[in-house]
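Printed here is protein.cif (mmCIF, C-alpha atoms and all ligand atoms):
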data_coords
loop_
_atom_site.label_atom_id
_atom_site.label_comp_id
_atom_site.auth_asym_id
_atom_site.auth_seq_id
_atom_site.Cartn_x
_atom_site.Cartn_y
_atom_site.Cartn_z
CA MET A 22 14.29 34.88 -6.04
CA VAL A 23 17.78 33.52 -5.48
CA ALA A 24 20.19 35.42 -7.71
CA SER A 25 22.45 32.51 -8.56
CA ILE A 26 22.86 29.12 -7.03
CA GLN A 27 26.63 29.47 -6.64
CA ALA A 28 26.23 32.80 -4.88
CA ALA A 29 23.55 31.42 -2.63
CA VAL A 30 25.50 28.31 -1.66
CA ALA A 31 28.56 30.45 -0.94
CA HIS A 32 26.52 32.77 1.24
CA LEU A 33 24.95 29.91 3.16
CA ALA A 34 28.31 28.24 3.73
CA ARG A 35 29.73 31.51 5.05
CA LEU A 36 26.98 31.70 7.64
CA ALA A 37 28.39 28.69 9.45
CA THR A 38 32.03 29.79 9.33
CA PRO A 39 33.38 29.63 12.92
CA LEU A 40 33.90 33.04 14.51
CA SER A 41 37.13 34.16 16.11
CA ALA A 42 37.04 34.48 19.91
CA ALA A 43 36.78 38.29 19.66
CA ALA A 44 34.03 38.17 17.09
CA PHE A 45 32.21 35.60 19.17
CA GLU A 46 32.28 37.99 22.15
CA THR A 47 30.85 40.79 20.02
CA VAL A 48 28.11 38.55 18.71
CA ALA A 49 27.29 37.29 22.20
CA ALA A 50 26.93 40.90 23.36
CA ALA A 51 24.64 41.70 20.43
CA ARG A 52 22.48 38.69 21.27
CA LYS A 53 22.26 39.71 24.88
CA ALA A 54 21.29 43.27 23.98
CA ALA A 55 18.49 41.99 21.73
CA GLY A 56 17.27 39.44 24.25
CA VAL A 57 18.25 36.48 22.05
CA ARG A 58 19.04 33.37 24.08
CA LEU A 59 20.30 30.21 22.43
CA ASP A 60 20.38 26.76 23.94
CA LYS A 61 23.53 25.10 25.13
CA HIS A 62 24.46 23.79 21.67
CA ALA A 63 25.26 27.26 20.41
CA GLY A 64 28.94 28.02 19.81
CA PRO A 65 31.38 29.94 17.57
CA SER A 66 30.03 28.28 14.43
CA THR A 67 26.46 29.24 15.24
CA PRO A 68 25.44 31.89 12.68
CA ALA A 69 25.35 35.41 14.08
CA PRO A 70 22.10 37.38 14.25
CA LEU A 71 21.56 39.80 11.38
CA PHE A 72 19.29 42.73 12.18
CA HIS A 73 19.83 44.75 9.04
CA PRO A 74 17.49 43.49 6.23
CA PRO A 75 20.11 43.94 3.47
CA ASP A 76 22.46 41.69 5.50
CA LEU A 77 19.73 39.08 5.80
CA ALA A 78 18.99 39.36 2.10
CA ALA A 79 22.67 38.98 1.26
CA ALA A 80 22.89 35.94 3.55
CA ALA A 81 20.04 34.43 1.60
CA GLY A 82 21.77 35.22 -1.69
CA ALA A 83 18.66 37.20 -2.63
CA PRO A 84 19.49 40.93 -2.63
CA ALA A 85 16.02 41.84 -3.92
CA LEU A 86 14.54 40.52 -0.71
CA ALA A 87 15.36 43.60 1.39
CA PRO A 88 13.43 46.11 -0.75
CA ALA A 89 10.64 43.56 -1.13
CA LEU A 90 10.32 43.27 2.65
CA ALA A 91 10.37 47.05 3.02
CA THR A 92 7.69 47.52 0.39
CA ALA A 93 5.44 44.65 1.42
CA PHE A 94 5.72 44.95 5.21
CA GLY A 95 7.49 48.21 5.95
CA ILE A 96 10.31 46.24 7.53
CA THR A 97 13.40 48.31 8.26
CA SER A 98 14.89 46.10 10.96
CA ALA A 99 14.56 42.40 11.70
CA THR A 100 12.96 41.38 14.98
CA PRO A 101 15.14 39.25 17.29
CA VAL A 102 13.52 35.98 16.27
CA GLN A 103 14.04 36.88 12.63
CA ALA A 104 17.58 38.20 13.09
CA GLN A 105 18.72 34.99 14.73
CA GLY A 106 16.26 32.46 13.31
CA ILE A 107 16.70 33.24 9.62
CA PRO A 108 20.50 32.80 9.48
CA LEU A 109 20.22 29.62 11.56
CA MET A 110 17.65 28.09 9.25
CA LEU A 111 19.47 29.27 6.12
CA ALA A 112 22.50 27.44 7.47
CA GLY A 113 20.41 24.30 7.67
CA ARG A 114 19.91 24.16 11.43
CA GLU A 115 16.71 22.91 12.92
CA VAL A 116 15.07 25.67 14.94
CA LEU A 117 12.52 25.61 17.71
CA ALA A 118 11.85 29.29 18.41
CA VAL A 119 10.01 30.75 21.35
CA ALA A 120 9.16 34.41 20.85
CA PRO A 121 6.36 36.72 21.91
CA THR A 122 3.16 36.88 19.97
CA GLY A 123 3.34 39.34 17.09
CA SER A 124 7.13 39.20 16.93
CA GLY A 125 7.35 38.17 13.27
CA LYS A 126 7.72 34.41 13.53
CA THR A 127 5.89 33.90 10.24
CA LEU A 128 8.66 35.46 8.19
CA ALA A 129 11.32 34.08 10.53
CA TYR A 130 10.31 30.58 9.51
CA GLY A 131 8.87 31.37 6.09
CA LEU A 132 11.76 33.16 4.43
CA PRO A 133 14.37 30.42 5.00
CA LEU A 134 11.81 27.90 3.80
CA LEU A 135 11.37 29.85 0.57
CA VAL A 136 15.09 30.34 0.03
CA ARG A 137 15.95 26.70 0.64
CA ALA A 138 13.03 25.55 -1.49
CA ALA A 139 14.23 27.76 -4.34
CA LEU A 140 17.70 26.28 -3.97
CA ALA A 141 16.43 22.72 -3.90
CA ARG A 142 14.44 23.40 -7.03
CA ARG A 143 17.46 24.85 -8.82
CA GLU A 144 19.60 21.95 -7.76
CA GLY A 145 17.05 19.57 -9.23
CA ALA A 146 16.74 17.87 -5.87
CA LEU A 147 13.01 17.70 -6.35
CA GLY A 148 12.83 15.65 -9.47
CA GLY A 149 13.46 18.13 -12.23
CA ARG A 150 11.96 21.31 -13.55
CA GLY A 151 8.87 22.61 -11.99
CA GLY A 152 7.81 19.46 -10.22
CA GLY A 153 7.48 18.44 -6.64
CA VAL A 154 6.50 19.88 -3.33
CA THR A 155 9.18 22.31 -2.20
CA GLY A 156 8.00 23.04 1.29
CA VAL A 157 5.31 22.14 3.74
CA VAL A 158 3.64 24.54 6.16
CA LEU A 159 1.69 22.98 8.97
CA ALA A 160 -0.50 25.06 11.26
CA PRO A 161 -3.38 24.22 13.57
CA THR A 162 -6.14 25.63 11.36
CA ARG A 163 -6.78 26.07 7.68
CA GLU A 164 -7.26 29.82 8.18
CA LEU A 165 -3.84 30.10 9.72
CA VAL A 166 -2.24 28.17 6.89
CA GLU A 167 -3.88 30.53 4.43
CA GLN A 168 -2.70 33.55 6.34
CA ILE A 169 0.84 32.22 6.28
CA GLY A 170 0.49 31.61 2.56
CA ASP A 171 -0.59 35.22 2.06
CA VAL A 172 2.40 36.54 3.99
CA LEU A 173 4.88 34.44 2.04
CA THR A 174 3.25 35.38 -1.23
CA ARG A 175 3.53 39.07 -0.39
CA ALA A 176 7.14 38.60 0.65
CA VAL A 177 8.50 37.20 -2.56
CA GLY A 178 5.68 37.37 -5.04
CA ALA A 179 5.71 33.59 -5.15
CA ARG A 180 2.57 31.68 -5.95
CA PHE A 181 1.28 29.18 -3.45
CA LEU A 182 -1.43 26.68 -3.48
CA PHE A 183 -2.38 25.67 0.01
CA ALA A 184 -5.12 23.11 -0.03
CA GLY A 185 -6.47 21.39 3.01
CA GLY A 186 -9.29 18.93 3.23
CA ARG A 187 -9.91 15.83 1.22
CA GLY A 188 -11.98 15.06 -1.80
CA ASP A 189 -14.24 17.80 -3.11
CA ALA A 190 -13.68 19.98 -0.06
CA GLY A 191 -9.97 20.02 -0.90
CA LYS A 192 -10.69 20.81 -4.53
CA LEU A 193 -13.00 23.67 -3.58
CA LEU A 194 -10.37 25.08 -1.29
CA ALA A 195 -7.80 24.82 -4.07
CA LEU A 196 -10.22 26.63 -6.35
CA ARG A 197 -10.67 29.43 -3.88
CA THR A 198 -6.94 29.70 -3.39
CA LEU A 199 -6.41 29.88 -7.14
CA LEU A 200 -8.97 32.66 -7.39
CA ALA A 201 -7.36 34.65 -4.61
CA SER A 202 -3.87 34.29 -6.07
CA GLY A 203 -4.85 35.20 -9.63
CA GLY A 204 -4.15 31.64 -10.73
CA LEU A 205 -7.41 31.40 -12.61
CA ALA A 206 -6.46 33.94 -15.26
CA PRO A 207 -9.42 34.84 -17.44
CA PRO A 208 -10.82 33.90 -19.79
CA ALA A 209 -10.94 30.56 -18.00
CA LEU A 210 -12.77 27.35 -18.72
CA VAL A 211 -13.58 25.09 -15.78
CA PHE A 212 -14.44 21.49 -16.61
CA VAL A 213 -16.64 19.23 -14.51
CA GLU A 214 -18.25 15.88 -15.14
CA THR A 215 -21.96 16.47 -14.64
CA GLN A 216 -24.59 19.19 -14.85
CA ALA A 217 -25.20 19.10 -11.12
CA ARG A 218 -21.52 19.50 -10.39
CA ALA A 219 -21.30 22.34 -12.92
CA THR A 220 -24.06 24.22 -11.12
CA ALA A 221 -22.51 23.57 -7.72
CA VAL A 222 -19.02 24.60 -8.79
CA LEU A 223 -20.37 27.80 -10.36
CA ALA A 224 -22.07 28.66 -7.08
CA GLU A 225 -18.88 27.98 -5.14
CA LEU A 226 -16.80 30.05 -7.54
CA ALA A 227 -19.24 32.95 -7.39
CA ALA A 228 -19.27 32.87 -3.60
CA ALA A 229 -15.49 32.70 -3.40
CA ALA A 230 -15.10 35.54 -5.92
CA ALA A 231 -17.54 37.71 -3.99
CA ALA A 232 -15.42 37.28 -0.88
CA CYS A 233 -12.14 37.99 -2.65
CA PRO A 234 -11.20 41.49 -3.92
CA ALA A 235 -8.76 40.05 -6.47
CA ALA A 236 -11.58 38.14 -8.14
CA SER A 237 -14.52 40.46 -7.62
CA ARG A 238 -14.57 41.55 -11.26
CA LEU A 239 -14.86 38.06 -12.67
CA THR A 240 -18.16 37.26 -14.31
CA MET A 241 -19.23 33.66 -14.51
CA ASP A 242 -21.64 31.43 -16.29
CA VAL A 243 -22.30 27.74 -16.78
CA LEU A 244 -22.62 25.61 -19.88
CA HIS A 245 -24.37 22.28 -19.63
CA GLY A 246 -27.01 20.28 -21.43
CA GLY A 247 -29.70 21.03 -18.87
CA ARG A 248 -30.01 24.63 -19.97
CA PRO A 249 -32.23 25.78 -22.82
CA GLN A 250 -30.45 26.10 -26.12
CA ALA A 251 -30.77 29.88 -26.21
CA GLU A 252 -29.11 30.22 -22.81
CA ARG A 253 -26.29 27.91 -23.81
CA SER A 254 -25.64 29.85 -26.98
CA ALA A 255 -25.70 33.11 -25.09
CA ALA A 256 -23.23 31.77 -22.56
CA VAL A 257 -20.84 30.74 -25.31
CA ARG A 258 -21.21 34.07 -27.08
CA ARG A 259 -20.59 36.04 -23.92
CA TYR A 260 -17.57 33.95 -23.08
CA ARG A 261 -16.18 34.61 -26.55
CA THR A 262 -16.72 38.35 -26.30
CA GLY A 263 -15.18 38.51 -22.83
CA GLU A 264 -18.38 39.46 -21.09
CA VAL A 265 -18.15 36.20 -19.16
CA SER A 266 -14.67 35.61 -17.83
CA VAL A 267 -15.08 32.17 -16.27
CA LEU A 268 -17.20 29.50 -17.90
CA VAL A 269 -17.94 26.30 -16.01
CA ALA A 270 -18.71 23.57 -18.52
CA THR A 271 -19.40 19.89 -18.75
CA ASP A 272 -17.08 17.87 -20.96
CA VAL A 273 -19.55 17.36 -23.76
CA LEU A 274 -20.34 21.03 -24.22
CA GLY A 275 -16.99 22.57 -23.40
CA ARG A 276 -14.97 20.23 -25.51
CA GLY A 277 -15.31 21.84 -28.92
CA LEU A 278 -15.37 25.42 -27.71
CA ASP A 279 -13.08 27.54 -29.84
CA CYS A 280 -12.10 30.69 -28.01
CA PRO A 281 -8.48 31.54 -28.82
CA ALA A 282 -8.28 33.99 -25.93
CA THR A 283 -8.75 31.24 -23.31
CA ARG A 284 -5.84 31.49 -20.90
CA THR A 285 -6.70 28.90 -18.28
CA VAL A 286 -8.24 25.48 -18.50
CA LEU A 287 -9.03 24.08 -15.11
CA SER A 288 -10.23 20.52 -14.73
CA PHE A 289 -12.15 20.53 -11.46
CA ASP A 290 -12.83 16.88 -12.14
CA ALA A 291 -9.86 15.10 -13.66
CA PRO A 292 -10.69 14.08 -17.22
CA SER A 293 -12.01 10.55 -17.50
CA SER A 294 -9.77 9.55 -20.40
CA PRO A 295 -6.63 10.71 -22.21
CA ALA A 296 -8.81 11.81 -25.12
CA ALA A 297 -10.89 14.02 -22.82
CA TYR A 298 -7.69 15.40 -21.33
CA VAL A 299 -6.28 16.32 -24.74
CA HIS A 300 -9.57 17.91 -25.82
CA ARG A 301 -9.77 19.99 -22.67
CA MET A 302 -6.16 21.15 -22.83
CA GLY A 303 -6.68 22.05 -26.46
CA ARG A 304 -9.06 24.84 -25.45
CA THR A 305 -6.08 27.03 -24.67
CA GLY A 306 -2.87 27.91 -26.51
CA ARG A 307 -4.78 27.64 -29.74
CA CYS A 308 -3.13 28.26 -33.11
CA GLY A 309 -0.11 29.87 -31.56
CA GLY A 310 -2.31 32.43 -29.83
CA VAL A 311 -2.09 33.31 -26.14
CA ALA A 312 -0.01 30.98 -24.02
CA GLY A 313 -2.26 29.00 -21.73
CA THR A 314 -2.14 27.23 -18.43
CA ALA A 315 -3.83 23.92 -17.81
CA ILE A 316 -4.57 22.87 -14.23
CA THR A 317 -5.98 19.54 -13.20
CA LEU A 318 -7.32 18.98 -9.70
CA PHE A 319 -7.49 15.42 -8.52
CA THR A 320 -7.98 13.40 -5.40
CA GLU A 321 -7.66 9.74 -4.55
CA ALA A 322 -11.04 9.28 -6.25
CA ASP A 323 -9.49 10.30 -9.57
CA GLY A 324 -6.69 7.78 -9.11
CA PRO A 325 -7.36 4.87 -11.44
CA GLY A 326 -7.21 6.91 -14.64
CA LEU A 327 -4.39 9.22 -13.62
CA GLY A 328 -1.62 7.00 -14.90
CA ARG A 329 -2.88 7.31 -18.43
CA LEU A 330 -3.31 11.07 -18.12
CA ALA A 331 0.23 11.27 -16.79
CA THR A 332 1.50 9.38 -19.82
CA VAL A 333 -0.19 11.87 -22.16
CA ALA A 334 1.04 14.85 -20.17
CA ALA A 335 4.59 13.44 -20.14
CA ALA A 336 4.45 13.00 -23.92
CA GLY A 337 3.61 16.71 -24.12
CA GLY A 338 6.71 17.63 -22.15
CA ALA A 339 5.32 17.82 -18.61
CA THR A 340 7.34 16.43 -15.72
CA ILE A 341 5.30 13.87 -13.86
CA PRO A 342 6.38 13.14 -10.31
CA ASP A 343 6.67 9.52 -9.28
CA TRP A 344 4.05 9.87 -6.57
CA MET A 345 1.52 10.89 -9.17
CA ARG A 346 2.33 7.91 -11.34
CA ALA A 347 1.95 5.69 -8.29
CA LEU A 348 -1.41 7.25 -7.51
CA GLY A 349 -2.52 6.42 -11.01
CA GLY A 350 -1.77 2.74 -10.64
CA GLY A 351 1.76 2.55 -12.00
CA GLY A 352 1.60 4.93 -14.92
CA GLY A 353 -0.26 3.00 -17.58
CA GLY A 354 -3.34 1.27 -16.26
CA SER A 355 -5.93 0.60 -18.90
CA ARG A 356 -8.96 1.04 -16.67
CA ALA A 357 -10.63 4.39 -17.22
CA ARG A 358 -11.67 6.25 -14.12
CA GLU A 359 -15.22 5.87 -13.06
CA ARG A 360 -17.23 8.92 -13.99
CA VAL A 361 -17.59 11.32 -11.08
CA THR A 362 -21.32 11.77 -10.74
CA ARG A 363 -21.78 12.47 -7.06
CA PRO A 364 -22.79 15.96 -5.97
CA VAL A 365 -20.03 18.34 -4.96
CA TRP A 366 -19.30 17.76 -1.30
CA ARG A 367 -18.43 20.80 0.75
CA ARG A 368 -19.29 19.81 4.31
CA SER A 369 -16.95 22.08 6.24
CA LEU A 370 -15.68 24.44 3.60
CA THR A 371 -16.19 28.12 4.28
CA ALA A 372 -15.59 29.66 0.90
CA GLY A 373 -18.33 32.20 1.26
CA PRO A 374 -22.06 32.40 1.87
CA ARG A 375 -23.72 29.05 1.51
CA ARG A 376 -26.40 30.36 -0.78
CA PRO A 377 -24.69 32.88 -3.01
CA THR A 378 -26.70 35.27 -5.07
CA LEU A 379 -25.56 34.80 -8.61
CA ARG A 380 -25.61 37.75 -10.88
CA PRO A 381 -27.52 36.58 -13.95
CA VAL A 382 -25.26 36.63 -16.95
CA VAL A 383 -27.64 34.99 -19.38
CA ASP A 384 -29.97 36.64 -21.83
CA GLY A 385 -32.39 35.43 -24.48
CA GLY A 386 -29.57 34.43 -26.84
CA GLU A 387 -29.85 33.49 -30.44
CA SER A 388 -27.74 31.00 -32.38
CA SER A 389 -27.31 27.37 -31.40
CA GLU A 390 -23.98 26.66 -33.02
CA ASP A 391 -21.89 25.24 -30.20
CA ALA A 392 -24.30 23.39 -28.07
CA ALA A 393 -25.71 20.90 -30.51
CA ASP A 394 -24.18 17.81 -28.92
CA ALA A 395 -25.52 18.22 -25.42
N1 LIG B 401 10.77 42.99 11.17
C1 LIG B 401 9.53 43.48 11.26
N2 LIG B 401 9.31 44.80 11.46
C2 LIG B 401 8.06 45.31 11.56
N3 LIG B 401 6.94 44.55 11.44
C3 LIG B 401 7.09 43.23 11.25
C4 LIG B 401 8.38 42.62 11.14
N4 LIG B 401 8.22 41.30 10.92
C5 LIG B 401 6.90 41.09 10.91
N5 LIG B 401 6.22 42.23 11.10
C6 LIG B 401 4.76 42.40 11.18
O1 LIG B 401 4.39 42.02 12.50
C7 LIG B 401 3.10 41.43 12.52
C8 LIG B 401 3.12 40.13 13.31
O2 LIG B 401 3.89 39.15 12.64
P1 LIG B 401 3.56 37.59 12.77
O3 LIG B 401 2.12 37.35 12.49
O4 LIG B 401 4.55 36.85 11.97
O5 LIG B 401 3.81 37.37 14.33
P2 LIG B 401 3.90 35.99 15.11
O6 LIG B 401 5.14 36.05 15.90
O7 LIG B 401 3.74 34.84 14.19
O8 LIG B 401 2.64 36.15 16.06
P3 LIG B 401 1.72 35.01 16.74
O9 LIG B 401 2.58 34.26 17.69
O10 LIG B 401 0.65 35.82 17.42
O11 LIG B 401 1.17 34.17 15.63
C9 LIG B 401 2.70 41.27 11.08
O12 LIG B 401 1.77 42.27 10.74
C10 LIG B 401 3.99 41.46 10.31
O13 LIG B 401 3.77 42.01 9.01
#

Could you write out this file's structure as structure tokens?
Ligand SMILES: Nc1ncnc2c1ncn2[C@@H]1O[C@H](COP(=O)(O)OP(=O)(O)OP(=O)(O)O)[C@@H](O)[C@H]1O
Amino acid sequence: MVASIQAAVAHLARLATPLSAAAFETVAAARKAAGVRLDKHAGPSTPAPLFHPPDLAAAAGAPALAPALATAFGITSATPVQAQGIPLMLAGREVLAVAPTGSGKTLAYGLPLLVRAALARREGALGGRGGGVTGVVLAPTRELVEQIGDVLTRAVGARFLFAGGRGDAGKLLALRTLLASGGLAPPALVFVETQARATAVLAELAAAAAACPAASRLTMDVLHGGRPQAERSAAVRRYRTGEVSVLVATDVLGRGLDCPATRTVLSFDAPSSPAAYVHRMGRTGRCGGVAGTAITLFTEADGPGLGRLATVAAAGGATIPDWMRALGGGGGGSRARERVTRPVWRRSLTAGPRRPTLRPVVDGGESSEDAADA
């Protein structure tokens, strides 16, 4: 979103250029007219308020921002808290804003966060390409955090993953967020460790999809050794033909699945060994076909084996942040993670109705080719 880092840095530096006495008077009058009051630390080098969206966009070094704001929110003029708050935060000031309810504080805080995060990423301040947390949004409730995420996503078309909660509840929330943001591009394979968890995750996915317009067209099924052979074969066939767009599978059954169209491989449970990791990832990007995305969800419970997974991922070109290596016991521990066999835990998660009605996507089926090793 930032056109060029040099342009952006130059713009940000200009924001803090001290004003002449005359210009300062003009700016003070503009603040007064808009009802903007600054604390006693404000002075000539305090960035001026910018009410015109193209000026704000230029200050951010992101010209495309103005039309994006107009299209996404119908914004033709910044509100006072935005006009003053955004330049201040772009210039690196800490801001504690008090403004009426409904006055646009979300974008006032959110846009500078996005711009500075984009800059930090470009500068490599976050540990190289693609890696690292670039910003943190804290709000009193999960719903509010999600709402803020939606606003920021609409503003710049960025993709966010806001996950609250710990353990399985956090993973389920991440799953829901991925669904809502289109991050689970079909066809998608979702890996779990046990049959019971496969069934539970399917139910959660179906409930979340039903509550989310962006995902309402997804069709889902499950592949595990507890299902009759004919059903398993039918599930595989329907996944291959595109009739089923998300297939939740246990390791044993999903591992050998050859469907070149697979675009996303999501490990709901982190793989228990590097071999399992490689097998799962190999379900996508097959034979130079469609480019795929592999996503692994993990919690502290997945920790012991993560170091070894990180080593494999790093060998494949992925950037592994230090904190992840630390979580995995120093990056090379030999102890495989204990198999996750507990039921999916969702105590306080509100992804959708608790007992979703699943549309049956299974028929009588015929061949048994892929499910022999259940
Ligand atoms: N410059 C603007 N012009 C017109 N509408 C705007 C502008 N900025 C934000 N809005 C819209 O105003 C509404 C309120 O914005 P927002 O939720 O950020 O307010 P808030 O100050 O955070 O409110 P609260 O304190 O109640 O949480 C949103 O629908 C948002 O899209």

* Selection near Gln105 in chain A, 9 Å with all atoms listed in the file, sequence-local residues under 5 positions removed, as number ranges by chain -> A: 52, 57, 68-72, 100, 110, 129

Expected answer as an mmCIF file with C-alpha atoms, in the frame of the given file: residues within 10 Å of ligand LIG 401 (chain B), all atoms listed in the file:
data_model
loop_
_atom_site.group_PDB
_atom_site.id
_atom_site.type_symbol
_atom_site.label_atom_id
_atom_site.label_comp_id
_atom_site.auth_asym_id
_atom_site.auth_seq_id
_atom_site.Cartn_x
_atom_site.Cartn_y
_atom_site.Cartn_z
ATOM 1 C CA PHE A 72 19.290 42.730 12.180
ATOM 2 C CA HIS A 73 19.830 44.750 9.040
ATOM 3 C CA PRO A 74 17.490 43.490 6.230
ATOM 4 C CA LEU A 90 10.320 43.270 2.650
ATOM 5 C CA ALA A 91 10.370 47.050 3.020
ATOM 6 C CA ALA A 93 5.440 44.650 1.420
ATOM 7 C CA PHE A 94 5.720 44.950 5.210
ATOM 8 C CA GLY A 95 7.490 48.210 5.950
ATOM 9 C CA ILE A 96 10.310 46.240 7.530
ATOM 10 C CA THR A 97 13.400 48.310 8.260
ATOM 11 C CA SER A 98 14.890 46.100 10.960
ATOM 12 C CA ALA A 99 14.560 42.400 11.700
ATOM 13 C CA THR A 100 12.960 41.380 14.980
ATOM 14 C CA PRO A 101 15.140 39.250 17.290
ATOM 15 C CA VAL A 102 13.520 35.980 16.270
ATOM 16 C CA GLN A 103 14.040 36.880 12.630
ATOM 17 C CA ALA A 104 17.580 38.200 13.090
ATOM 18 C CA ALA A 118 11.850 29.290 18.410
ATOM 19 C CA VAL A 119 10.010 30.750 21.350
ATOM 20 C CA ALA A 120 9.160 34.410 20.850
ATOM 21 C CA PRO A 121 6.360 36.720 21.910
ATOM 22 C CA THR A 122 3.160 36.880 19.970
ATOM 23 C CA GLY A 123 3.340 39.340 17.090
ATOM 24 C CA SER A 124 7.130 39.200 16.930
ATOM 25 C CA GLY A 125 7.350 38.170 13.270
ATOM 26 C CA LYS A 126 7.720 34.410 13.530
ATOM 27 C CA THR A 127 5.890 33.900 10.240
ATOM 28 C CA LEU A 128 8.660 35.460 8.190
ATOM 29 C CA ALA A 129 11.320 34.080 10.530
ATOM 30 C CA TYR A 130 10.310 30.580 9.510
ATOM 31 C CA GLY A 131 8.870 31.370 6.090
ATOM 32 C CA LEU A 165 -3.840 30.100 9.720
ATOM 33 C CA GLN A 168 -2.700 33.550 6.340
ATOM 34 C CA ILE A 169 0.840 32.220 6.280
ATOM 35 C CA VAL A 172 2.400 36.540 3.990
ATOM 36 C CA ARG A 175 3.530 39.070 -0.390
ATOM 37 C CA ALA A 176 7.140 38.600 0.650
#

* Minimum-distance residue to Asp242 in chain A, chosen among A:Ser41, A:Ser294, A:Thr320, A:Thr220 (using all atoms listed in the file) -> A:Thr220

* Can you tell me, as number ranges by chain, what residues are no more than 8 Å from Leu205 in chain A when counting all atoms listed in the file, ignoring any on the same chain fewer than 6 positions away? -> A: 199, 285, 287

* Quick one: residues within 9 Å of Thr283 in chain A, all atoms listed in the file counted, chain neighbours fewer than 2 positions away excluded, as a ChimeraX atom specification? -> /A:206-210,261,279-281,285-286,304-307,311-313

Give me range 125-130 of chain A from this structure - all heavy atoms, as a compact mmCIF listing (two decimals), in the first residue's frame.
# COMPACT_ATOMS: atom_id res chain seq x y z
N GLY A 125 -15.19 8.20 14.04
CA GLY A 125 -14.18 7.65 13.13
C GLY A 125 -12.84 7.34 13.77
O GLY A 125 -11.80 7.38 13.10
N LYS A 126 -12.86 6.98 15.03
CA LYS A 126 -11.59 6.71 15.72
C LYS A 126 -10.92 5.43 15.18
O LYS A 126 -9.71 5.30 15.23
CB LYS A 126 -11.83 6.59 17.23
CG LYS A 126 -12.25 7.92 17.87
CD LYS A 126 -12.30 7.84 19.38
CE LYS A 126 -13.48 7.04 19.91
NZ LYS A 126 -14.80 7.70 19.67
N THR A 127 -11.74 4.51 14.68
CA THR A 127 -11.16 3.26 14.19
C THR A 127 -10.13 3.52 13.10
O THR A 127 -9.00 3.03 13.15
CB THR A 127 -12.27 2.33 13.65
OG1 THR A 127 -13.29 2.23 14.63
CG2 THR A 127 -11.72 0.96 13.32
N LEU A 128 -10.52 4.31 12.10
CA LEU A 128 -9.58 4.60 11.02
C LEU A 128 -8.50 5.58 11.49
O LEU A 128 -7.37 5.53 11.01
CB LEU A 128 -10.31 5.17 9.81
CG LEU A 128 -11.11 4.13 9.00
CD1 LEU A 128 -11.98 4.82 7.96
CD2 LEU A 128 -10.18 3.13 8.34
N ALA A 129 -8.86 6.46 12.42
CA ALA A 129 -7.87 7.40 12.94
C ALA A 129 -6.67 6.65 13.51
O ALA A 129 -5.52 7.00 13.26
CB ALA A 129 -8.49 8.30 14.01
N TYR A 130 -6.93 5.60 14.25
CA TYR A 130 -5.84 4.80 14.80
C TYR A 130 -5.35 3.74 13.80
O TYR A 130 -4.16 3.45 13.73
CB TYR A 130 -6.29 4.09 16.08
CG TYR A 130 -6.24 4.95 17.31
CD1 TYR A 130 -7.40 5.42 17.89
CD2 TYR A 130 -5.02 5.29 17.88
CE1 TYR A 130 -7.37 6.21 19.04
CE2 TYR A 130 -4.97 6.09 19.02
CZ TYR A 130 -6.13 6.55 19.59
OH TYR A 130 -6.09 7.33 20.71
